[in-house]
Amino acid sequence: MVRLAVFGQPVAHSLSPRIHRLFGEQLGIDVEYSAIESGVDELPDRLAAFRGSGGTGANLTVPLKQTGLKLCTRIDRPARQAHAVNTLRLADDGWHGYNTDGAGLLLDFDRLGIDPAGRRILIVGAGGAVAGILGPLLAREPACVHLINRTADRAERLAEKFSHLGTIDGAGFESDPGSDFDLLIQSTSAGHADALPPLERDWLADSAVAYDLNYGPAQATFSRWCGAHGLPVHDGLGMLVGQAALAFEIWTSRRPEMAPVLAALAGR
Ligand code: ATR
C-alpha cells in the first residue's frame, strides 16, 4: 500500500484525495491518500508524523509550497525556478521536492491541442501560480510572454527573474500590453470575489483562446467575460489533474490517464 497525503490550509475542499484514489483504481495500485490540515509553522511536525506512520509521498498546497522547500534534501529544476514545491517523495536521504504545476499545465495544453511554441502569450496576474508555470512554459519557446498585474512591480520582478529563459516582460494594468496575443492565461484570484481584472478583447487575435488556472466557481466571472467576447475558454481542472498525474508518476513510476478522471470529476 502507498500512503500519500495532501497538506494545506484549508485542505478539506481539496479534490486531490479523490483524484489519486481514481488514479490508484485505474492502475491497480493500492493507494491511501488523506488530506492533512497544516499551517506553515506546523508543517515540519505534521510531515514527520506522516513519515512516522508510513507516508512516502505528499502534495503541498496553499500556503505551504514555499515552506516545503526548506524541508527537502533535494529539489528539481522546476521547483527551484518557481521557488515552490507541490510534490514530496521520501528518499533514503529525506524528502525530495518537485514542482509539477507547470508540466501539469502543459499536459493539459497537449490534451486540448494548445501549442505554446511560437505563440504570443498574455498572462494576467503575477502571483505564486504564475511563478509555478513560467519555467516549463518558456521551455516550449513561445514568441513572447507578457505579464500584466494589478501590482505592476510584482509583474516586472517576476518577468526579470525568468528573463534568462525567454522573451518575457511585465507591467501594470494601466499599461497597454499590445495586440495579437494568441493565448490569454488568467491566473489571478479575483474570481474568488466575483471580480474580473480589466481586460480588452482588442489585445487578442481573432483566433485566440483563453485558459484560467482556476476552476469551479472562482472561474465563473472570467468564463462569462470570455463567452461575451467570443473567446473559447478552458478551466484549470485539467491542470489540476495533470499536475496530480505527474506527482503520481513520481511516487509510483506509473503515469495514469487523465481523461477518465476528468470525466469522473465533470459529474462531481
Ligand atoms: P496564487 O498563488 O493563486 O497566484 P497569489 O500569489 O496570492 O496567489 O497571487 C494572486 C494574484 O491575483 C496576484 O497577481 C494578485 O494581484 P496583486 O499582485 O496585485 O495582489 C491577483 N489578484 C487578486 N485579486 C485581484 C483582483 N481583485 N483584481 C486583480 N488582480 C487580483
# chains A, B, ... in the order shown; residues from 1 in each chain; ligands from 1

call {"tool": "select_by_dssp", "arguments": {"residues": "stretch 6-221 of chain A", "states": "strand (DSSP E)", "output": "ChimeraX atom specification"}}
result
/A:6-8,31-37,57-60,72-75,87-91,94-98,120-124,144-149,168-172,181-186,204-212

call {"tool": "write_last_selection", "arguments": {"atoms": "C-alpha atoms", "output": "CSV table (one decimal), in the first residue's frame"}}
result
chain,number,residue,atom,x,y,z
A,6,VAL,CA,-2.0,16.5,0.7
A,7,PHE,CA,-1.1,19.1,3.3
A,8,GLY,CA,-2.6,22.6,3.2
A,31,VAL,CA,-3.4,3.9,-2.5
A,32,GLU,CA,-4.3,5.6,0.8
A,33,TYR,CA,-4.5,9.4,0.2
A,34,SER,CA,-5.6,11.7,3.0
A,35,ALA,CA,-6.0,15.4,3.5
A,36,ILE,CA,-4.0,16.8,6.4
A,37,GLU,CA,-4.7,20.4,7.7
A,57,GLY,CA,4.6,10.8,-0.8
A,58,ALA,CA,2.9,14.2,-0.3
A,59,ASN,CA,1.4,17.1,-2.1
A,60,LEU,CA,1.7,20.6,-0.6
A,72,CYS,CA,13.8,18.9,1.2
A,73,THR,CA,17.2,17.4,0.8
A,74,ARG,CA,16.9,17.8,-2.9
A,75,ILE,CA,14.6,19.8,-5.3
A,87,THR,CA,5.2,17.3,-4.5
A,88,LEU,CA,7.4,15.5,-2.0
A,89,ARG,CA,8.8,12.0,-2.3
A,90,LEU,CA,10.5,10.2,0.5
A,91,ALA,CA,14.0,9.0,-0.5
A,94,GLY,CA,14.9,12.5,3.3
A,95,TRP,CA,12.2,14.3,1.2
A,96,HIS,CA,12.9,15.2,-2.4
A,97,GLY,CA,10.9,18.1,-3.7
A,98,TYR,CA,9.3,18.6,-7.1
A,120,ARG,CA,2.2,35.4,-28.2
A,121,ILE,CA,1.1,34.7,-24.6
A,122,LEU,CA,-0.6,37.2,-22.3
A,123,ILE,CA,-0.7,36.3,-18.6
A,124,VAL,CA,-3.0,38.2,-16.2
A,144,CYS,CA,6.8,36.1,-26.1
A,145,VAL,CA,5.2,36.1,-22.7
A,146,HIS,CA,3.8,39.4,-21.4
A,147,LEU,CA,2.6,39.6,-17.7
A,148,ILE,CA,0.1,42.2,-16.5
A,149,ASN,CA,-0.7,42.5,-12.9
A,168,ILE,CA,9.2,37.9,-21.2
A,169,ASP,CA,8.3,41.2,-19.7
A,170,GLY,CA,5.8,42.5,-17.1
A,171,ALA,CA,3.8,45.7,-16.5
A,172,GLY,CA,0.8,47.0,-14.6
A,181,PHE,CA,-2.0,37.7,-28.4
A,182,ASP,CA,-2.8,34.1,-29.3
A,183,LEU,CA,-3.3,32.8,-25.7
A,184,LEU,CA,-4.7,34.5,-22.6
A,185,ILE,CA,-3.8,32.9,-19.3
A,186,GLN,CA,-5.9,34.1,-16.4
A,204,LEU,CA,-6.2,39.3,-28.5
A,205,ALA,CA,-6.1,37.8,-32.0
A,206,ASP,CA,-9.5,36.7,-33.5
A,207,SER,CA,-8.4,33.0,-33.2
A,208,ALA,CA,-7.1,33.4,-29.6
A,209,VAL,CA,-8.0,31.0,-26.8
A,210,ALA,CA,-8.2,31.6,-23.0
A,211,TYR,CA,-7.2,29.4,-20.1
A,212,ASP,CA,-8.0,30.0,-16.5

call {"tool": "closest_atom_pairs", "arguments": {"of": "chain A", "to": "ligand 1", "cutoff": "10 Å", "atoms": "only C-alpha atoms and all ligand atoms", "output": "JSON lines"}}
result
{"residue": "A:Thr61", "atom": "CA", "partner": "ligand 1", "partner_atom_place_in_ligand_line": "2 (O)", "distance": 9.4}
{"residue": "A:Val62", "atom": "CA", "partner": "ligand 1", "partner_atom_place_in_ligand_line": "2 (O)", "distance": 7.4}
{"residue": "A:Pro63", "atom": "CA", "partner": "ligand 1", "partner_atom_place_in_ligand_line": "2 (O)", "distance": 8.5}
{"residue": "A:Lys65", "atom": "CA", "partner": "ligand 1", "partner_atom_place_in_ligand_line": "2 (O)", "distance": 9.4}
{"residue": "A:Ile123", "atom": "CA", "partner": "ligand 1", "partner_atom_place_in_ligand_line": "14 (O)", "distance": 9.7}
{"residue": "A:Val124", "atom": "CA", "partner": "ligand 1", "partner_atom_place_in_ligand_line": "14 (O)", "distance": 7.2}
{"residue": "A:Gly125", "atom": "CA", "partner": "ligand 1", "partner_atom_place_in_ligand_line": "14 (O)", "distance": 3.5}
{"residue": "A:Ala126", "atom": "CA", "partner": "ligand 1", "partner_atom_place_in_ligand_line": "14 (O)", "distance": 4.0}
{"residue": "A:Gly127", "atom": "CA", "partner": "ligand 1", "partner_atom_place_in_ligand_line": "6 (O)", "distance": 3.3}
{"residue": "A:Gly128", "atom": "CA", "partner": "ligand 1", "partner_atom_place_in_ligand_line": "2 (O)", "distance": 3.6}
{"residue": "A:Ala129", "atom": "CA", "partner": "ligand 1", "partner_atom_place_in_ligand_line": "4 (O)", "distance": 3.8}
{"residue": "A:Val130", "atom": "CA", "partner": "ligand 1", "partner_atom_place_in_ligand_line": "4 (O)", "distance": 6.0}
{"residue": "A:Ala131", "atom": "CA", "partner": "ligand 1", "partner_atom_place_in_ligand_line": "4 (O)", "distance": 7.8}
{"residue": "A:Gly132", "atom": "CA", "partner": "ligand 1", "partner_atom_place_in_ligand_line": "2 (O)", "distance": 8.5}
{"residue": "A:Leu147", "atom": "CA", "partner": "ligand 1", "partner_atom_place_in_ligand_line": "14 (O)", "distance": 9.5}
{"residue": "A:Ile148", "atom": "CA", "partner": "ligand 1", "partner_atom_place_in_ligand_line": "14 (O)", "distance": 8.4}
{"residue": "A:Asn149", "atom": "CA", "partner": "ligand 1", "partner_atom_place_in_ligand_line": "14 (O)", "distance": 5.5}
{"residue": "A:Arg150", "atom": "CA", "partner": "ligand 1", "partner_atom_place_in_ligand_line": "19 (O)", "distance": 3.8}
{"residue": "A:Thr151", "atom": "CA", "partner": "ligand 1", "partner_atom_place_in_ligand_line": "19 (O)", "distance": 3.8}
{"residue": "A:Ala152", "atom": "CA", "partner": "ligand 1", "partner_atom_place_in_ligand_line": "19 (O)", "distance": 7.2}
{"residue": "A:Asp153", "atom": "CA", "partner": "ligand 1", "partner_atom_place_in_ligand_line": "18 (O)", "distance": 8.4}
{"residue": "A:Arg154", "atom": "CA", "partner": "ligand 1", "partner_atom_place_in_ligand_line": "18 (O)", "distance": 5.9}
{"residue": "A:Ala155", "atom": "CA", "partner": "ligand 1", "partner_atom_place_in_ligand_line": "18 (O)", "distance": 7.6}
{"residue": "A:Gly172", "atom": "CA", "partner": "ligand 1", "partner_atom_place_in_ligand_line": "19 (O)", "distance": 8.7}
{"residue": "A:Phe173", "atom": "CA", "partner": "ligand 1", "partner_atom_place_in_ligand_line": "29 (C)", "distance": 8.7}
{"residue": "A:Gln186", "atom": "CA", "partner": "ligand 1", "partner_atom_place_in_ligand_line": "12 (O)", "distance": 9.1}
{"residue": "A:Ser187", "atom": "CA", "partner": "ligand 1", "partner_atom_place_in_ligand_line": "4 (O)", "distance": 6.2}
{"residue": "A:Thr188", "atom": "CA", "partner": "ligand 1", "partner_atom_place_in_ligand_line": "12 (O)", "distance": 3.3}
{"residue": "A:Ser189", "atom": "CA", "partner": "ligand 1", "partner_atom_place_in_ligand_line": "12 (O)", "distance": 4.3}
{"residue": "A:Ala190", "atom": "CA", "partner": "ligand 1", "partner_atom_place_in_ligand_line": "25 (C)", "distance": 3.9}
{"residue": "A:Gly191", "atom": "CA", "partner": "ligand 1", "partner_atom_place_in_ligand_line": "27 (N)", "distance": 7.4}
{"residue": "A:His192", "atom": "CA", "partner": "ligand 1", "partner_atom_place_in_ligand_line": "24 (N)", "distance": 8.0}
{"residue": "A:Ala193", "atom": "CA", "partner": "ligand 1", "partner_atom_place_in_ligand_line": "27 (N)", "distance": 7.0}
{"residue": "A:Asp194", "atom": "CA", "partner": "ligand 1", "partner_atom_place_in_ligand_line": "27 (N)", "distance": 8.3}
{"residue": "A:Ala195", "atom": "CA", "partner": "ligand 1", "partner_atom_place_in_ligand_line": "27 (N)", "distance": 5.5}
{"residue": "A:Leu196", "atom": "CA", "partner": "ligand 1", "partner_atom_place_in_ligand_line": "28 (N)", "distance": 6.0}
{"residue": "A:Pro197", "atom": "CA", "partner": "ligand 1", "partner_atom_place_in_ligand_line": "29 (C)", "distance": 4.5}
{"residue": "A:Pro198", "atom": "CA", "partner": "ligand 1", "partner_atom_place_in_ligand_line": "29 (C)", "distance": 7.7}
{"residue": "A:Leu213", "atom": "CA", "partner": "ligand 1", "partner_atom_place_in_ligand_line": "3 (O)", "distance": 8.5}
{"residue": "A:Asn214", "atom": "CA", "partner": "ligand 1", "partner_atom_place_in_ligand_line": "3 (O)", "distance": 8.2}

call {"tool": "write_last_selection", "arguments": {"atoms": "N, CA and C atoms", "output": "short mmCIF file (atom, residue, chain, number, x, y, z; two decimals), in the first residue's frame"}}
result
data_model
loop_
_atom_site.label_atom_id
_atom_site.label_comp_id
_atom_site.auth_asym_id
_atom_site.auth_seq_id
_atom_site.Cartn_x
_atom_site.Cartn_y
_atom_site.Cartn_z
N THR A 61 -0.07 22.22 -0.75
CA THR A 61 -0.84 23.27 -1.40
C THR A 61 -0.79 24.52 -0.54
N VAL A 62 -1.56 25.52 -0.91
CA VAL A 62 -1.55 26.82 -0.20
C VAL A 62 -1.71 26.59 1.29
N PRO A 63 -0.93 27.19 2.17
CA PRO A 63 0.16 28.15 1.94
C PRO A 63 1.55 27.54 2.15
N LYS A 65 3.72 25.80 -0.09
CA LYS A 65 4.63 25.43 -1.20
C LYS A 65 6.04 26.00 -1.05
N ILE A 123 -0.36 36.85 -19.91
CA ILE A 123 -0.74 36.26 -18.62
C ILE A 123 -1.22 37.38 -17.70
N VAL A 124 -2.41 37.21 -17.16
CA VAL A 124 -2.97 38.18 -16.22
C VAL A 124 -2.71 37.66 -14.81
N GLY A 125 -1.94 38.44 -14.03
CA GLY A 125 -1.58 38.03 -12.67
C GLY A 125 -0.10 37.70 -12.61
N ALA A 126 0.44 37.81 -11.41
CA ALA A 126 1.89 37.58 -11.24
C ALA A 126 2.17 37.01 -9.85
N GLY A 127 1.29 36.11 -9.40
CA GLY A 127 1.46 35.53 -8.07
C GLY A 127 2.16 34.18 -8.14
N GLY A 128 1.96 33.40 -7.08
CA GLY A 128 2.63 32.10 -6.97
C GLY A 128 2.25 31.15 -8.09
N ALA A 129 1.00 31.21 -8.54
CA ALA A 129 0.57 30.28 -9.60
C ALA A 129 1.36 30.54 -10.88
N VAL A 130 1.63 31.81 -11.18
CA VAL A 130 2.38 32.13 -12.40
C VAL A 130 3.84 31.73 -12.24
N ALA A 131 4.41 31.99 -11.08
CA ALA A 131 5.80 31.57 -10.84
C ALA A 131 5.95 30.06 -11.09
N GLY A 132 4.90 29.29 -10.76
CA GLY A 132 4.95 27.84 -10.92
C GLY A 132 4.93 27.37 -12.36
N LEU A 147 3.38 39.68 -18.97
CA LEU A 147 2.62 39.58 -17.72
C LEU A 147 2.00 40.93 -17.42
N ILE A 148 0.70 40.95 -17.09
CA ILE A 148 0.13 42.18 -16.53
C ILE A 148 -0.46 41.86 -15.17
N ASN A 149 -0.27 42.78 -14.25
CA ASN A 149 -0.71 42.54 -12.87
C ASN A 149 -1.18 43.83 -12.23
N ARG A 150 -2.13 43.70 -11.30
CA ARG A 150 -2.62 44.87 -10.56
C ARG A 150 -1.46 45.63 -9.93
N THR A 151 -0.53 44.87 -9.30
CA THR A 151 0.67 45.48 -8.72
C THR A 151 1.79 45.34 -9.76
N ALA A 152 2.07 46.44 -10.45
CA ALA A 152 3.00 46.40 -11.59
C ALA A 152 4.36 45.84 -11.20
N ASP A 153 4.84 46.30 -10.08
CA ASP A 153 6.16 45.93 -9.59
C ASP A 153 6.35 44.40 -9.49
N ARG A 154 5.27 43.73 -9.10
CA ARG A 154 5.34 42.27 -8.94
C ARG A 154 5.51 41.59 -10.30
N ALA A 155 4.80 42.11 -11.31
CA ALA A 155 4.92 41.55 -12.67
C ALA A 155 6.32 41.82 -13.23
N GLY A 172 2.00 46.85 -15.34
CA GLY A 172 0.76 47.00 -14.57
C GLY A 172 -0.46 47.02 -15.47
N PHE A 173 -1.65 47.02 -14.85
CA PHE A 173 -2.90 47.01 -15.62
C PHE A 173 -3.07 48.29 -16.44
N GLN A 186 -5.39 33.39 -17.52
CA GLN A 186 -5.92 34.13 -16.38
C GLN A 186 -5.47 33.41 -15.12
N SER A 187 -4.69 34.10 -14.29
CA SER A 187 -4.17 33.41 -13.10
C SER A 187 -4.57 34.10 -11.81
N THR A 188 -5.24 35.25 -11.90
CA THR A 188 -5.49 35.98 -10.64
C THR A 188 -6.56 35.26 -9.81
N SER A 189 -6.60 35.63 -8.54
CA SER A 189 -7.62 35.07 -7.66
C SER A 189 -8.83 35.99 -7.58
N ALA A 190 -8.92 36.97 -8.51
CA ALA A 190 -10.03 37.94 -8.48
C ALA A 190 -11.39 37.24 -8.51
N GLY A 191 -11.49 36.12 -9.23
CA GLY A 191 -12.75 35.42 -9.37
C GLY A 191 -13.32 34.89 -8.06
N HIS A 192 -12.45 34.70 -7.07
CA HIS A 192 -12.94 34.25 -5.76
C HIS A 192 -13.89 35.29 -5.14
N ALA A 193 -13.71 36.57 -5.56
CA ALA A 193 -14.60 37.64 -5.07
C ALA A 193 -15.50 38.12 -6.21
N ASP A 194 -15.75 37.23 -7.19
CA ASP A 194 -16.57 37.56 -8.37
C ASP A 194 -16.08 38.81 -9.08
N ALA A 195 -14.79 39.12 -8.96
CA ALA A 195 -14.23 40.28 -9.65
C ALA A 195 -13.49 39.81 -10.91
N LEU A 196 -13.16 40.79 -11.74
CA LEU A 196 -12.50 40.48 -13.01
C LEU A 196 -11.40 41.51 -13.23
N PRO A 197 -10.20 41.09 -13.58
CA PRO A 197 -9.18 42.08 -13.92
C PRO A 197 -9.62 42.85 -15.16
N PRO A 198 -9.14 44.09 -15.35
CA PRO A 198 -9.53 44.85 -16.54
C PRO A 198 -8.91 44.25 -17.80
N LEU A 213 -6.33 29.38 -14.83
CA LEU A 213 -5.69 28.41 -13.94
C LEU A 213 -6.64 28.00 -12.81
N ASN A 214 -7.71 28.79 -12.60
CA ASN A 214 -8.71 28.44 -11.59
C ASN A 214 -9.74 27.47 -12.17
#

call {"tool": "atom_distance", "arguments": {"atom1": "atom CA of A:Arg119", "atom2": "atom CA of A:Glu156"}}
result
20.6 Å

call {"tool": "closest_residue", "arguments": {"among": "A:Leu134, A:Pro17, A:Arg224, A:Ala218", "to": "A:Glu160", "atoms": "only C-alpha atoms"}}
result
A:Leu134

call {"tool": "residues_around", "arguments": {"residues": "A:Glu257", "least_positions_apart": "4", "cutoff": "12 Å", "atoms": "only C-alpha atoms", "output": "count of residues only"}}
result
23

call {"tool": "residues_around", "arguments": {"residues": "A:Gln81", "least_positions_apart": "3", "cutoff": "10 Å", "atoms": "only C-alpha atoms", "output": "number ranges by chain"}}
result
A: 76-78, 84, 99, 131-136, 161-162

call {"tool": "closest_residue", "arguments": {"among": "A:Leu71, A:Met239, A:Gly267, A:Ala139", "to": "A:Ser163", "atoms": "only C-alpha atoms"}}
result
A:Ala139

call {"tool": "atom_distance", "arguments": {"atom1": "atom CA of A:Pro260", "atom2": "atom CA of A:Pro116"}}
result
24.9 Å

call {"tool": "closest_residue", "arguments": {"among": "A:Thr56, A:Ser14, A:Thr252, A:Gln9", "to": "A:Leu43", "atoms": "only C-alpha atoms"}}
result
A:Gln9

call {"tool": "atom_distance", "arguments": {"atom1": "atom CA of A:Ala264", "atom2": "atom CA of A:Gln219"}}
result
19.4 Å

call {"tool": "closest_residue", "arguments": {"among": "A:Leu199, A:Ala48, A:Met258, A:Ala79", "to": "A:His229", "atoms": "only C-alpha atoms"}}
result
A:Leu199

call {"tool": "decode", "arguments": {"residues": "stretch 157-169 of chain A", "atoms": "N, CA and C atoms", "output": "compact mmCIF listing (two decimals), in the first residue's frame"}}
result
# COMPACT_ATOMS: atom_id res chain seq x y z
N ARG A 157 9.12 42.29 -11.57
CA ARG A 157 10.15 41.49 -10.88
C ARG A 157 10.09 40.03 -11.32
N LEU A 158 8.88 39.51 -11.47
CA LEU A 158 8.74 38.10 -11.87
C LEU A 158 9.29 37.90 -13.30
N ALA A 159 8.98 38.85 -14.18
CA ALA A 159 9.48 38.76 -15.56
C ALA A 159 11.00 38.82 -15.57
N GLU A 160 11.55 39.68 -14.77
CA GLU A 160 13.01 39.83 -14.70
C GLU A 160 13.65 38.52 -14.23
N LYS A 161 13.01 37.88 -13.26
CA LYS A 161 13.55 36.64 -12.70
C LYS A 161 13.61 35.51 -13.74
N PHE A 162 12.68 35.53 -14.69
CA PHE A 162 12.63 34.46 -15.70
C PHE A 162 13.19 34.89 -17.05
N SER A 163 13.77 36.11 -17.12
CA SER A 163 14.15 36.66 -18.42
C SER A 163 15.28 35.87 -19.09
N HIS A 164 16.04 35.10 -18.30
CA HIS A 164 17.12 34.31 -18.91
C HIS A 164 16.56 33.08 -19.65
N LEU A 165 15.26 32.81 -19.47
CA LEU A 165 14.68 31.61 -20.09
C LEU A 165 13.91 31.90 -21.37
N GLY A 166 13.72 33.19 -21.71
CA GLY A 166 12.97 33.50 -22.92
C GLY A 166 12.58 34.97 -22.96
N THR A 167 11.74 35.31 -23.94
CA THR A 167 11.30 36.70 -24.11
C THR A 167 10.10 36.94 -23.20
N ILE A 168 10.31 37.68 -22.13
CA ILE A 168 9.24 37.89 -21.16
C ILE A 168 9.38 39.28 -20.56
N ASP A 169 8.24 39.97 -20.42
CA ASP A 169 8.27 41.23 -19.69
C ASP A 169 6.98 41.37 -18.88
